[in-house]
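Q: Sending over a structure as structure tokens; questions will come in a sec.
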Amino acid sequence: MANANDLKRIAQDLEGTVQAPHFERTAFRVARIYATLAADGLTVNLAFTPDEQEFKVMMAPAAFAPVPNAWGKQGWTTLTLSAVDEDELRAALEMAWRHALPKPKTPKKRS
């Protein structure tokens with residue numbers, strides 16, 4: 001059973017992660033926000049692709065649910081921390097973190 005302290009520790013282990021307030025939540029970001037922890041510490045919203053969201057919800061509906069607004073249609077997914085173990089939490093955070101990494105710059109072609 002994972003909790004908010006596990007989430008914070010795992011997120012801080014992901015390279016480049018910065019923790020900061022975000023409205024009434026705590027955000028974790030690299031180039032972009034990839035996770036926001038609820039003020040009560042019971043759930044976290046994660047930035048997945050819509051396909052990843054669909055898969056997670058199908059495989060573990062007690063743990064994962066689409067965020068109930070337009071963000072949810074973009075893949076943002078609520079994870080109930082008590083419904084997963086630490087390894088499952090780490091895998092979900094890493095998946096979201098990868099999407100938030102800075103995009104590599106492509107060199108400009110010379111004409």
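Identifiers in the structure tokens: chain A, B, ... in order shown; residue index from 1 per chain; ligand index from 1 in order shown.
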So which residues touch stretch 3-10 of chain A within 12 Å, counting only C-alpha atoms, skipping near sequence neighbours fewer than 5 positions away, as a ChimeraX atom specification?
A: /A:15,17-20,25-29,35-46,79-94,97
Q: Quick one: residues within 6 Å of stretch 98-101 of chain A, only C-alpha atoms, excluding same-chain residues fewer than 3 positions away - as a list of chain:residue names?
A: A:Val30, A:Ala31, A:Arg32, A:Tyr34, A:Met95
Q: Can those selected residues be exported to a file as an mmCIF file, in the first residue's frame so that it contains C-alpha atoms?
A:
```cif
data_model
loop_
_atom_site.group_PDB
_atom_site.id
_atom_site.type_symbol
_atom_site.label_atom_id
_atom_site.label_comp_id
_atom_site.auth_asym_id
_atom_site.auth_seq_id
_atom_site.Cartn_x
_atom_site.Cartn_y
_atom_site.Cartn_z
ATOM 1 C CA VAL A 30 10.709 18.371 -15.047
ATOM 2 C CA ALA A 31 10.101 20.423 -18.203
ATOM 3 C CA ARG A 32 6.336 20.111 -17.562
ATOM 4 C CA TYR A 34 3.765 15.139 -14.709
ATOM 5 C CA MET A 95 5.647 6.562 -17.169
#
```
Q: Rank nothing, just name the residue among A:Phe64, A:Gln12, A:Phe23, A:Ile33 nearest to A:Ala47, using only C-alpha atoms.
A: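 Of A:Phe64, A:Gln12, A:Phe23, A:Ile33, the one nearest A:Ala47 is A:Ile33, counting only C-alpha atoms.
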Q: If I take atom CA of A:Trp71 and atom CA of A:Phe48, how far is one from the other in Å, to one decimal?
A: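 If I compute the distance from atom CA of A:Trp71 to atom CA of A:Phe48, I get 10.5 Å.
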Q: Could you tell me, as a ChimeraX atom specification, which residues of stretch 14-111 of chain A DSSP assigns to helix (DSSP H, G or I) when given the backbone?
A: /A:50-59,70-73,81-83,86-100
